[in-house]
Amino acid sequence: MTRFAILILSVFTVSAGATAATIPLMMKSFPNISSTTIELLMTIPSLGIIAFTPVSNWVADLISVKKTIMTGLVLIFLGGVIPAVTVNFLLIFASRIILGLGTGLLMSFSQSLIIQLYQGREQQRMLGLSSVFQGLGMFVMTYAAGVLLNSGWQMSYWVYLIVLPIILLVGVYVPKTVGKVTDSNQSEIVTDSKKIDSKIWTLALFAFLFNATFAFISIKFALLVVSRNYGTAADASTLLGLMAFAMAAGGFIFMFVQKHWFKFTTAIGLGFATISFLILTISRSLMLSGIGVILVGISVSIFMASMVANINRMTSASQVAFSTSVVMTCANVGTLLSPYFAKTLSNLFDNQEAGFTFEAGLIIFAILFVIATFVGMNYSKLEYKNSSDLSNNMNAQN
């Protein structure tokens with residue numbers, strides 16, 4: 001149950017988009033509010049996530065990791081259900097920010113706890129299952145919100161009631177001392193270090209570029225399908241729904257890849273991303289585009305799980321939580337800035353076609369793939385050398 005409680009946290013790191021389908025009906029309910037402002041309800045949680053993900057580690061130092069996670073879940077619950085009980089737009093807008101703040105509090109711990117509590121193959125299995133839970137959980141929440149939407153847009157927000165049993169689950173089954181790190185050379189428990197070295201900043205840059213490029217699929221895919229006349233916006237939406245299942249599949253693939261080729265896990269994730277964007281660049285059919293979208297989902301799971309696994313191997317145990325929060329924050333900044341990134345590339349090369357955006361993404365992913373492959377060939381030089389936990393973990397792998 002402790003494993004399940006930790007894995008289920010992954011679902012709520014992406015739950016902000018579960019009610020995206022409510023936007024058209026909300027536009028009708030708020031005719032005096034601009035459509036852009038209403039659409040902002042789905043992206044504004046990112047600001048809270050960006051602000052509170054690094055702050056979560058200082059909060060945890062004050063009140064403990066477990067209480068920080070539970071506080072985050074409470075904020076997600078409150079921010080999630082407020083739109084279900086009010087039609088005050090300012091209050092709804094504020095609730096979405098609260099949702100982002102809660103997500104930020106638990107985001108890094110949903111991954112770092114796996115690193116700190118499990119070792120060897122069990123750790124790989126948990127990281128893979130985290131992606132599985134995230135993909136399937138997001139699908140279930142989105143589907144449930146869609147079913148509730150038939151009774152009105154406010155009903156969709158009751159989907160966040162699911163947070164209540166999870167709060168109880170964490171309260172009962174997650175140990176009070178979870179997240180604290182014991183130094184191998186000392187008997188006392190030490191607090192997590194806030195030191196970030198250059199290797200982690202490099203991972204953060206990779207995460208930023210990956211998410212900024214991956215998000216092209218969200219902002220340009222429908223336009224790509226329609227502009228090339230091989231489908232409608234509804235067809236594109238259906239295909240994008242496949243990504244949730246693909247992310248779950250990516251979790252299982254990660255477990256296999258990490259077991260056999262752990263040094264090249266990041267490169268393999270980027271390889272999937274490169275192939276997917278190549279397919280989308282040349283596609284003129286829904287079937288081929290569907291394959292591309294599925295590969296995108298797989299790449300996300302493998303890449304993001306590899307980032308956490310790399311943090312574990314490149315830092316000491318006491319640095320894992322804060323390093324994870326830094327990488328996750330940069331990834332979310334990449335997602336937030338993706339529309340501006342795409343626009344900048346289009347303006348720079350004076351090409352506004354949706355297909356060009358994917359061509360640019362293909363080149364970015366290909367460059368990152370080559371760099372990641374080179375890093376994999378020299379991986380031993382980047383590993384943290386003074387951790388006995390790392391040594392035990394490597395022995396378990398062998």
# chains A, B, ... in the order shown; residues from 1 in each chain; ligands from 1
$ residues_around --residues "range 298-301 of chain A" --least-positions-apart "3" --cutoff "7 Å" --atoms "only C-alpha atoms" --output "PDB file with C-alpha atoms, in the first residue's frame"
ATOM      1  CA  SER A 131       4.809   6.589 -15.777  1.00  0.00           C
ATOM      2  CA  ALA A 246       1.204   5.430 -24.971  1.00  0.00           C
ATOM      3  CA  MET A 247       2.659   7.030 -21.835  1.00  0.00           C
ATOM      4  CA  ALA A 249       3.210   1.701 -22.378  1.00  0.00           C
ATOM      5  CA  GLY A 250       6.317   3.868 -22.181  1.00  0.00           C
ATOM      6  CA  GLY A 251       6.560   3.078 -18.473  1.00  0.00           C
ATOM      7  CA  GLY A 269      13.715   8.207 -25.155  1.00  0.00           C
ATOM      8  CA  LEU A 270      15.000  10.935 -27.468  1.00  0.00           C
ATOM      9  CA  PHE A 272      11.522   7.675 -29.956  1.00  0.00           C
ATOM     10  CA  ALA A 273      10.859  11.432 -29.992  1.00  0.00           C
ATOM     11  CA  ILE A 294       1.895   7.019 -29.891  1.00  0.00           C
ATOM     12  CA  LEU A 295       5.686   7.235 -30.204  1.00  0.00           C
ATOM     13  CA  MET A 304      11.185  11.885 -17.921  1.00  0.00           C
ATOM     14  CA  ALA A 305      11.775   8.655 -15.988  1.00  0.00           C
TER      15      ALA A 305
END
$ atom_distance --atom1 "CA of Gln123 in chain A" --atom2 "CA of Leu242 in chain A"
27.0 Å
$ closest_residue --among "A:Ala372, A:Phe206, A:Asp61, A:Gly271" --to "Thr177 in chain A" --atoms "only C-alpha atoms"
A:Asp61
$ select_by_dssp --residues "range 166-350 of chain A" --states "helix (DSSP H, G or I)" --output "tab-separated table (two decimals) with N, CA and C atoms, in the first residue's frame"
chain	number	residue	atom	x	y	z
A	166	ILE	N	-7.11	9.54	-1.55
A	166	ILE	CA	-5.65	9.51	-1.69
A	166	ILE	C	-5.01	10.20	-0.49
A	167	ILE	N	-5.62	11.28	0.00
A	167	ILE	CA	-5.12	11.95	1.21
A	167	ILE	C	-5.13	10.96	2.37
A	168	LEU	N	-6.22	10.20	2.50
A	168	LEU	CA	-6.32	9.20	3.57
A	168	LEU	C	-5.27	8.11	3.38
A	169	LEU	N	-5.08	7.68	2.14
A	169	LEU	CA	-4.11	6.63	1.83
A	169	LEU	C	-2.69	7.06	2.22
A	170	VAL	N	-2.31	8.28	1.85
A	170	VAL	CA	-0.99	8.80	2.20
A	170	VAL	C	-0.85	8.94	3.71
A	171	GLY	N	-1.91	9.42	4.35
A	171	GLY	CA	-1.86	9.61	5.79
A	171	GLY	C	-1.64	8.32	6.56
A	172	VAL	N	-2.21	7.23	6.07
A	172	VAL	CA	-2.13	5.95	6.77
A	172	VAL	C	-0.88	5.16	6.42
A	173	TYR	N	-0.51	5.14	5.14
A	173	TYR	CA	0.51	4.20	4.69
A	173	TYR	C	1.89	4.79	4.39
A	198	SER	N	26.80	21.18	-11.90
A	198	SER	CA	26.64	21.43	-13.33
A	198	SER	C	25.94	20.29	-14.05
A	199	LYS	N	26.13	19.05	-13.58
A	199	LYS	CA	25.49	17.91	-14.24
A	199	LYS	C	23.97	18.01	-14.15
A	200	ILE	N	23.48	18.47	-13.00
A	200	ILE	CA	22.03	18.60	-12.82
A	200	ILE	C	21.49	19.74	-13.67
A	201	TRP	N	22.25	20.83	-13.77
A	201	TRP	CA	21.81	21.93	-14.62
A	201	TRP	C	21.75	21.49	-16.08
A	202	THR	N	22.66	20.60	-16.48
A	202	THR	CA	22.62	20.07	-17.84
A	202	THR	C	21.36	19.23	-18.05
A	203	LEU	N	21.03	18.39	-17.07
A	203	LEU	CA	19.79	17.61	-17.14
A	203	LEU	C	18.58	18.55	-17.21
A	204	ALA	N	18.62	19.63	-16.43
A	204	ALA	CA	17.53	20.60	-16.42
A	204	ALA	C	17.36	21.25	-17.80
A	205	LEU	N	18.49	21.55	-18.45
A	205	LEU	CA	18.44	22.14	-19.80
A	205	LEU	C	17.84	21.14	-20.79
A	206	PHE	N	18.23	19.88	-20.68
A	206	PHE	CA	17.65	18.84	-21.53
A	206	PHE	C	16.14	18.75	-21.32
A	207	ALA	N	15.71	18.76	-20.04
A	207	ALA	CA	14.29	18.66	-19.72
A	207	ALA	C	13.53	19.86	-20.27
A	208	PHE	N	14.13	21.05	-20.17
A	208	PHE	CA	13.51	22.26	-20.70
A	208	PHE	C	13.31	22.15	-22.21
A	209	LEU	N	14.37	21.79	-22.92
A	209	LEU	CA	14.31	21.70	-24.39
A	209	LEU	C	13.37	20.59	-24.83
A	210	PHE	N	13.38	19.47	-24.10
A	210	PHE	CA	12.50	18.36	-24.46
A	210	PHE	C	11.04	18.78	-24.34
A	211	ASN	N	10.66	19.34	-23.19
A	211	ASN	CA	9.26	19.72	-22.99
A	211	ASN	C	8.82	20.85	-23.90
A	212	ALA	N	9.72	21.83	-24.11
A	212	ALA	CA	9.38	22.95	-24.99
A	212	ALA	C	9.12	22.45	-26.41
A	213	THR	N	9.84	21.39	-26.83
A	213	THR	CA	9.68	20.83	-28.17
A	213	THR	C	8.53	19.84	-28.22
A	214	PHE	N	8.44	18.98	-27.20
A	214	PHE	CA	7.37	18.00	-27.15
A	214	PHE	C	5.99	18.66	-27.18
A	216	PHE	N	4.95	20.98	-28.82
A	216	PHE	CA	4.49	21.33	-30.17
A	216	PHE	C	3.30	20.46	-30.56
A	217	ILE	N	3.28	19.23	-30.04
A	217	ILE	CA	2.21	18.30	-30.38
A	217	ILE	C	0.86	18.81	-29.89
A	218	SER	N	0.88	19.52	-28.76
A	218	SER	CA	-0.37	20.04	-28.19
A	218	SER	C	-0.85	21.29	-28.91
A	219	ILE	N	0.07	22.13	-29.33
A	219	ILE	CA	-0.32	23.43	-29.88
A	219	ILE	C	-0.40	23.45	-31.40
A	220	LYS	N	0.20	22.45	-32.06
A	220	LYS	CA	0.26	22.50	-33.53
A	220	LYS	C	-0.30	21.26	-34.23
A	221	PHE	N	-0.54	20.18	-33.50
A	221	PHE	CA	-0.93	18.94	-34.18
A	221	PHE	C	-2.27	19.06	-34.89
A	222	ALA	N	-3.27	19.62	-34.20
A	222	ALA	CA	-4.59	19.77	-34.82
A	222	ALA	C	-4.50	20.62	-36.08
A	223	LEU	N	-3.72	21.70	-36.01
A	223	LEU	CA	-3.54	22.57	-37.17
A	223	LEU	C	-2.84	21.83	-38.30
A	224	LEU	N	-1.88	20.95	-37.94
A	224	LEU	CA	-1.16	20.17	-38.94
A	224	LEU	C	-2.13	19.25	-39.69
A	225	VAL	N	-2.98	18.55	-38.95
A	225	VAL	CA	-3.94	17.62	-39.56
A	225	VAL	C	-4.91	18.35	-40.47
A	226	VAL	N	-5.44	19.47	-40.00
A	226	VAL	CA	-6.43	20.23	-40.78
A	226	VAL	C	-5.80	20.89	-42.00
A	227	SER	N	-4.62	21.49	-41.81
A	227	SER	CA	-3.98	22.21	-42.92
A	227	SER	C	-3.54	21.29	-44.04
A	233	ALA	N	-10.28	18.60	-36.78
A	233	ALA	CA	-9.78	18.89	-35.44
A	233	ALA	C	-10.22	17.81	-34.46
A	234	ALA	N	-11.44	17.28	-34.67
A	234	ALA	CA	-11.93	16.20	-33.81
A	234	ALA	C	-11.09	14.93	-33.98
A	235	ASP	N	-10.67	14.66	-35.22
A	235	ASP	CA	-9.79	13.51	-35.47
A	235	ASP	C	-8.47	13.68	-34.73
A	236	ALA	N	-7.94	14.89	-34.78
A	236	ALA	CA	-6.67	15.18	-34.10
A	236	ALA	C	-6.82	14.99	-32.59
A	237	SER	N	-7.95	15.44	-32.04
A	237	SER	CA	-8.20	15.30	-30.61
A	237	SER	C	-8.25	13.83	-30.21
A	238	THR	N	-8.88	13.02	-31.05
A	238	THR	CA	-8.97	11.59	-30.77
A	238	THR	C	-7.59	10.95	-30.75
A	239	LEU	N	-6.77	11.31	-31.72
A	239	LEU	CA	-5.41	10.76	-31.77
A	239	LEU	C	-4.59	11.19	-30.57
A	240	LEU	N	-4.75	12.44	-30.14
A	240	LEU	CA	-4.00	12.91	-28.98
A	240	LEU	C	-4.41	12.16	-27.72
A	241	GLY	N	-5.65	11.67	-27.70
A	241	GLY	CA	-6.09	10.87	-26.57
A	241	GLY	C	-5.31	9.57	-26.43
A	242	LEU	N	-4.72	9.12	-27.54
A	242	LEU	CA	-3.91	7.90	-27.50
A	242	LEU	C	-2.63	8.08	-26.69
A	243	MET	N	-2.22	9.33	-26.52
A	243	MET	CA	-0.95	9.57	-25.81
A	243	MET	C	-0.98	9.07	-24.38
A	244	ALA	N	-2.15	9.13	-23.72
A	244	ALA	CA	-2.24	8.66	-22.35
A	244	ALA	C	-1.90	7.18	-22.26
A	245	PHE	N	-2.45	6.38	-23.18
A	245	PHE	CA	-2.12	4.96	-23.20
A	245	PHE	C	-0.66	4.74	-23.60
A	246	ALA	N	-0.18	5.55	-24.53
A	246	ALA	CA	1.20	5.43	-24.97
A	246	ALA	C	2.17	5.74	-23.83
A	247	MET	N	1.82	6.71	-22.99
A	247	MET	CA	2.66	7.03	-21.84
A	247	MET	C	2.71	5.85	-20.87
A	248	ALA	N	1.58	5.18	-20.70
A	248	ALA	CA	1.56	4.00	-19.83
A	248	ALA	C	2.45	2.91	-20.41
A	249	ALA	N	2.36	2.69	-21.72
A	249	ALA	CA	3.21	1.70	-22.38
A	249	ALA	C	4.68	2.08	-22.24
A	250	GLY	N	4.94	3.39	-22.33
A	250	GLY	CA	6.32	3.87	-22.18
A	250	GLY	C	6.91	3.52	-20.83
A	251	GLY	N	6.07	3.46	-19.80
A	251	GLY	CA	6.56	3.08	-18.47
A	251	GLY	C	7.09	1.66	-18.46
A	252	PHE	N	6.38	0.75	-19.12
A	252	PHE	CA	6.84	-0.64	-19.19
A	252	PHE	C	8.11	-0.75	-20.03
A	253	ILE	N	8.16	0.00	-21.13
A	253	ILE	CA	9.35	-0.02	-21.98
A	253	ILE	C	10.55	0.52	-21.22
A	254	PHE	N	10.33	1.57	-20.40
A	254	PHE	CA	11.41	2.13	-19.59
A	254	PHE	C	12.02	1.06	-18.68
A	255	MET	N	11.17	0.26	-18.05
A	255	MET	CA	11.68	-0.78	-17.15
A	255	MET	C	12.60	-1.74	-17.88
A	256	PHE	N	12.24	-2.09	-19.11
A	256	PHE	CA	13.07	-3.00	-19.90
A	256	PHE	C	14.36	-2.33	-20.33
A	257	VAL	N	14.25	-1.11	-20.84
A	257	VAL	CA	15.42	-0.38	-21.32
A	257	VAL	C	16.40	-0.11	-20.18
A	258	GLN	N	15.89	0.34	-19.04
A	258	GLN	CA	16.75	0.66	-17.90
A	258	GLN	C	17.49	-0.57	-17.40
A	259	LYS	N	16.85	-1.72	-17.52
A	259	LYS	CA	17.47	-2.97	-17.06
A	259	LYS	C	18.63	-3.40	-17.94
A	260	HIS	N	18.50	-3.20	-19.24
A	260	HIS	CA	19.49	-3.72	-20.18
A	260	HIS	C	20.46	-2.66	-20.73
A	261	TRP	N	19.98	-1.41	-20.88
A	261	TRP	CA	20.84	-0.37	-21.47
A	261	TRP	C	20.71	0.93	-20.69
A	262	PHE	N	20.89	0.88	-19.36
A	262	PHE	CA	20.60	2.05	-18.53
A	262	PHE	C	21.40	3.28	-18.93
A	263	LYS	N	22.61	3.11	-19.45
A	263	LYS	CA	23.42	4.26	-19.84
A	263	LYS	C	22.82	5.03	-21.02
A	264	PHE	N	22.01	4.37	-21.81
A	264	PHE	CA	21.46	4.98	-23.01
A	264	PHE	C	19.95	5.20	-22.92
A	265	THR	N	19.41	5.15	-21.70
A	265	THR	CA	17.96	5.31	-21.54
A	265	THR	C	17.48	6.65	-22.06
A	266	THR	N	18.18	7.73	-21.71
A	266	THR	CA	17.79	9.06	-22.18
A	266	THR	C	17.87	9.14	-23.70
A	267	ALA	N	18.94	8.57	-24.27
A	267	ALA	CA	19.10	8.59	-25.73
A	267	ALA	C	17.97	7.81	-26.41
A	268	ILE	N	17.56	6.70	-25.81
A	268	ILE	CA	16.47	5.90	-26.40
A	268	ILE	C	15.16	6.67	-26.36
A	269	GLY	N	14.91	7.36	-25.24
A	269	GLY	CA	13.71	8.21	-25.16
A	269	GLY	C	13.72	9.28	-26.23
A	270	LEU	N	14.88	9.90	-26.43
A	270	LEU	CA	15.00	10.93	-27.47
A	270	LEU	C	14.92	10.32	-28.86
A	271	GLY	N	15.37	9.06	-28.99
A	271	GLY	CA	15.25	8.37	-30.27
A	271	GLY	C	13.79	8.20	-30.68
A	272	PHE	N	12.96	7.79	-29.71
A	272	PHE	CA	11.52	7.68	-29.96
A	272	PHE	C	10.94	9.03	-30.37
A	273	ALA	N	11.37	10.09	-29.69
A	273	ALA	CA	10.86	11.43	-29.99
A	273	ALA	C	11.27	11.86	-31.40
A	274	THR	N	12.51	11.57	-31.78
A	274	THR	CA	13.00	11.94	-33.11
A	274	THR	C	12.22	11.23	-34.20
A	275	ILE	N	12.02	9.91	-34.01
A	275	ILE	CA	11.27	9.13	-35.01
A	275	ILE	C	9.83	9.63	-35.10
A	276	SER	N	9.24	9.93	-33.94
A	276	SER	CA	7.84	10.38	-33.94
A	276	SER	C	7.67	11.69	-34.72
A	277	PHE	N	8.59	12.64	-34.51
A	277	PHE	CA	8.48	13.92	-35.22
A	277	PHE	C	8.81	13.76	-36.70
A	278	LEU	N	9.68	12.81	-37.03
A	278	LEU	CA	9.95	12.52	-38.44
A	278	LEU	C	8.68	12.02	-39.11
A	279	ILE	N	7.97	11.12	-38.42
A	279	ILE	CA	6.72	10.59	-38.96
A	279	ILE	C	5.69	11.70	-39.14
A	280	LEU	N	5.55	12.55	-38.13
A	280	LEU	CA	4.57	13.63	-38.20
A	280	LEU	C	4.93	14.64	-39.29
A	281	THR	N	6.21	14.81	-39.55
A	281	THR	CA	6.65	15.74	-40.58
A	281	THR	C	6.26	15.27	-41.98
A	282	ILE	N	6.33	13.95	-42.21
A	282	ILE	CA	6.06	13.42	-43.55
A	282	ILE	C	4.64	12.88	-43.69
A	286	LEU	N	-4.16	9.86	-41.23
A	286	LEU	CA	-4.44	9.76	-39.81
A	286	LEU	C	-3.76	8.55	-39.19
A	287	MET	N	-3.67	7.47	-39.93
A	287	MET	CA	-3.05	6.25	-39.40
A	287	MET	C	-1.57	6.49	-39.09
A	288	LEU	N	-0.85	7.08	-40.04
A	288	LEU	CA	0.57	7.34	-39.84
A	288	LEU	C	0.78	8.37	-38.72
A	289	SER	N	-0.08	9.38	-38.67
A	289	SER	CA	0.02	10.37	-37.61
A	289	SER	C	-0.27	9.75	-36.25
A	290	GLY	N	-1.19	8.79	-36.22
A	290	GLY	CA	-1.49	8.09	-34.98
A	290	GLY	C	-0.27	7.36	-34.45
A	291	ILE	N	0.49	6.75	-35.35
A	291	ILE	CA	1.73	6.07	-34.95
A	291	ILE	C	2.71	7.08	-34.38
A	292	GLY	N	2.80	8.24	-35.02
A	292	GLY	CA	3.68	9.29	-34.53
A	292	GLY	C	3.30	9.77	-33.14
A	293	VAL	N	2.00	9.95	-32.91
A	293	VAL	CA	1.51	10.41	-31.61
A	293	VAL	C	1.80	9.37	-30.53
A	294	ILE	N	1.61	8.09	-30.85
A	294	ILE	CA	1.89	7.02	-29.89
A	294	ILE	C	3.37	7.03	-29.51
A	295	LEU	N	4.24	7.20	-30.49
A	295	LEU	CA	5.69	7.23	-30.20
A	295	LEU	C	6.05	8.45	-29.36
A	296	VAL	N	5.34	9.56	-29.56
A	296	VAL	CA	5.57	10.74	-28.72
A	296	VAL	C	5.27	10.42	-27.27
A	297	GLY	N	4.12	9.78	-27.03
A	297	GLY	CA	3.74	9.42	-25.66
A	297	GLY	C	4.76	8.50	-25.02
A	298	ILE	N	5.24	7.52	-25.77
A	298	ILE	CA	6.26	6.60	-25.25
A	298	ILE	C	7.53	7.35	-24.91
A	299	SER	N	7.92	8.28	-25.77
A	299	SER	CA	9.16	9.03	-25.56
A	299	SER	C	9.09	9.86	-24.28
A	300	VAL	N	7.92	10.45	-24.00
A	300	VAL	CA	7.77	11.28	-22.80
A	300	VAL	C	8.02	10.45	-21.55
A	301	SER	N	7.40	9.27	-21.47
A	301	SER	CA	7.57	8.42	-20.30
A	301	SER	C	9.02	8.01	-20.10
A	302	ILE	N	9.65	7.55	-21.17
A	302	ILE	CA	11.03	7.08	-21.06
A	302	ILE	C	11.96	8.23	-20.70
A	303	PHE	N	11.80	9.36	-21.37
A	303	PHE	CA	12.71	10.48	-21.13
A	303	PHE	C	12.59	11.01	-19.71
A	304	MET	N	11.35	11.29	-19.24
A	304	MET	CA	11.19	11.89	-17.92
A	304	MET	C	11.61	10.92	-16.82
A	305	ALA	N	11.32	9.63	-16.98
A	305	ALA	CA	11.77	8.66	-15.99
A	305	ALA	C	13.30	8.57	-15.98
A	306	SER	N	13.92	8.70	-17.16
A	306	SER	CA	15.38	8.65	-17.23
A	306	SER	C	16.02	9.85	-16.55
A	307	MET	N	15.34	11.00	-16.59
A	307	MET	CA	15.85	12.18	-15.90
A	307	MET	C	15.99	11.92	-14.40
A	308	VAL	N	14.95	11.31	-13.82
A	308	VAL	CA	14.98	11.00	-12.38
A	308	VAL	C	16.04	9.95	-12.08
A	309	ALA	N	16.14	8.92	-12.93
A	309	ALA	CA	17.16	7.89	-12.73
A	309	ALA	C	18.56	8.49	-12.83
A	310	ASN	N	18.76	9.42	-13.75
A	310	ASN	CA	20.06	10.07	-13.90
A	310	ASN	C	20.41	10.91	-12.67
A	311	ILE	N	19.42	11.60	-12.12
A	311	ILE	CA	19.66	12.39	-10.90
A	311	ILE	C	20.18	11.48	-9.80
A	312	ASN	N	19.58	10.32	-9.67
A	312	ASN	CA	20.00	9.37	-8.64
A	312	ASN	C	21.46	8.95	-8.81
A	313	ARG	N	21.88	8.78	-10.04
A	313	ARG	CA	23.24	8.30	-10.30
A	313	ARG	C	24.28	9.42	-10.32
A	314	MET	N	23.82	10.65	-10.47
A	314	MET	CA	24.77	11.76	-10.61
A	314	MET	C	24.90	12.62	-9.37
A	317	ALA	N	22.61	11.05	-2.13
A	317	ALA	CA	21.23	10.82	-1.70
A	317	ALA	C	20.58	12.08	-1.15
A	318	SER	N	21.38	12.91	-0.46
A	318	SER	CA	20.82	14.11	0.16
A	318	SER	C	20.48	15.20	-0.86
A	319	GLN	N	20.98	15.06	-2.08
A	319	GLN	CA	20.72	16.07	-3.12
A	319	GLN	C	19.55	15.71	-4.03
A	320	VAL	N	19.06	14.46	-3.93
A	320	VAL	CA	18.08	13.96	-4.89
A	320	VAL	C	16.82	14.80	-4.94
A	321	ALA	N	16.22	15.10	-3.77
A	321	ALA	CA	14.91	15.78	-3.75
A	321	ALA	C	14.99	17.16	-4.39
A	322	PHE	N	15.97	17.97	-3.98
A	322	PHE	CA	16.06	19.32	-4.51
A	322	PHE	C	16.48	19.31	-5.98
A	323	SER	N	17.39	18.41	-6.34
A	323	SER	CA	17.80	18.29	-7.74
A	323	SER	C	16.62	17.91	-8.62
A	324	THR	N	15.77	17.00	-8.12
A	324	THR	CA	14.58	16.60	-8.86
A	324	THR	C	13.65	17.79	-9.06
A	325	SER	N	13.48	18.59	-8.01
A	325	SER	CA	12.58	19.75	-8.12
A	325	SER	C	13.10	20.75	-9.14
A	326	VAL	N	14.41	20.93	-9.22
A	326	VAL	CA	14.99	21.86	-10.19
A	326	VAL	C	14.73	21.38	-11.61
A	327	VAL	N	14.97	20.08	-11.86
A	327	VAL	CA	14.77	19.53	-13.20
A	327	VAL	C	13.30	19.59	-13.59
A	328	MET	N	12.41	19.24	-12.66
A	328	MET	CA	10.97	19.28	-12.95
A	328	MET	C	10.48	20.70	-13.20
A	329	THR	N	11.03	21.64	-12.45
A	329	THR	CA	10.65	23.04	-12.65
A	329	THR	C	11.05	23.51	-14.04
A	330	CYS	N	12.27	23.20	-14.45
A	330	CYS	CA	12.73	23.61	-15.79
A	330	CYS	C	11.89	22.94	-16.88
A	331	ALA	N	11.48	21.69	-16.64
A	331	ALA	CA	10.63	21.00	-17.61
A	331	ALA	C	9.30	21.73	-17.76
A	332	ASN	N	8.72	22.17	-16.64
A	332	ASN	CA	7.43	22.88	-16.69
A	332	ASN	C	7.58	24.26	-17.32
A	333	VAL	N	8.71	24.91	-17.10
A	333	VAL	CA	8.97	26.19	-17.76
A	333	VAL	C	9.00	25.98	-19.28
A	334	GLY	N	9.62	24.88	-19.70
A	334	GLY	CA	9.65	24.56	-21.12
A	334	GLY	C	8.26	24.39	-21.70
A	335	THR	N	7.39	23.69	-20.97
A	335	THR	CA	6.02	23.50	-21.42
A	335	THR	C	5.29	24.84	-21.53
A	336	LEU	N	5.46	25.68	-20.51
A	336	LEU	CA	4.79	26.98	-20.47
A	336	LEU	C	5.22	27.88	-21.63
A	337	LEU	N	6.51	27.83	-21.96
A	337	LEU	CA	7.05	28.73	-22.98
A	337	LEU	C	7.01	28.14	-24.39
A	338	SER	N	6.52	26.92	-24.52
A	338	SER	CA	6.52	26.25	-25.82
A	338	SER	C	5.85	27.04	-26.94
A	339	PRO	N	4.68	27.66	-26.71
A	339	PRO	CA	4.05	28.44	-27.80
A	339	PRO	C	4.94	29.58	-28.28
A	340	TYR	N	5.64	30.21	-27.35
A	340	TYR	CA	6.53	31.32	-27.72
A	340	TYR	C	7.78	30.79	-28.42
A	341	PHE	N	8.23	29.61	-27.99
A	341	PHE	CA	9.38	28.96	-28.61
A	341	PHE	C	9.06	28.64	-30.07
A	342	ALA	N	7.87	28.07	-30.29
A	342	ALA	CA	7.45	27.72	-31.65
A	342	ALA	C	7.30	28.98	-32.51
A	343	LYS	N	6.72	30.01	-31.93
A	343	LYS	CA	6.52	31.26	-32.67
A	343	LYS	C	7.85	31.90	-33.04
A	344	THR	N	8.81	31.85	-32.12
A	344	THR	CA	10.13	32.42	-32.38
A	344	THR	C	10.82	31.69	-33.53
A	345	LEU	N	10.73	30.36	-33.55
A	345	LEU	CA	11.33	29.58	-34.63
A	345	LEU	C	10.68	29.91	-35.97
A	346	SER	N	9.35	30.04	-35.96
A	346	SER	CA	8.63	30.35	-37.20
A	346	SER	C	9.00	31.73	-37.73
A	347	ASN	N	9.11	32.70	-36.82
A	347	ASN	CA	9.47	34.06	-37.24
A	347	ASN	C	10.92	34.13	-37.70
A	348	LEU	N	11.78	33.37	-37.01
A	348	LEU	CA	13.20	33.39	-37.34
A	348	LEU	C	13.45	32.89	-38.76
$ residues_around --residues "Ala60 in chain A" --least-positions-apart "4" --cutoff "12 Å" --atoms "only C-alpha atoms" --output "PyMOL selection string"
chain A and resi 52-56+64-72+105-106+108-109+176-180+191-192+321-322
$ atom_distance --atom1 "CA of Ala18 in chain A" --atom2 "CA of Met141 in chain A"
5.8 Å
$ closest_atom_pairs --of "range 124-183 of chain A" --to "range 89-104 of chain A" --cutoff "12 Å" --atoms "only C-alpha atoms" --output "tab-separated table"
residue	atom	partner	partner_atom	distance
A:Gln154	CA	A:Ile92	CA	10.7
A:Tyr157	CA	A:Ile92	CA	10.9
A:Tyr160	CA	A:Leu99	CA	10.4
A:Val163	CA	A:Gly102	CA	11.6
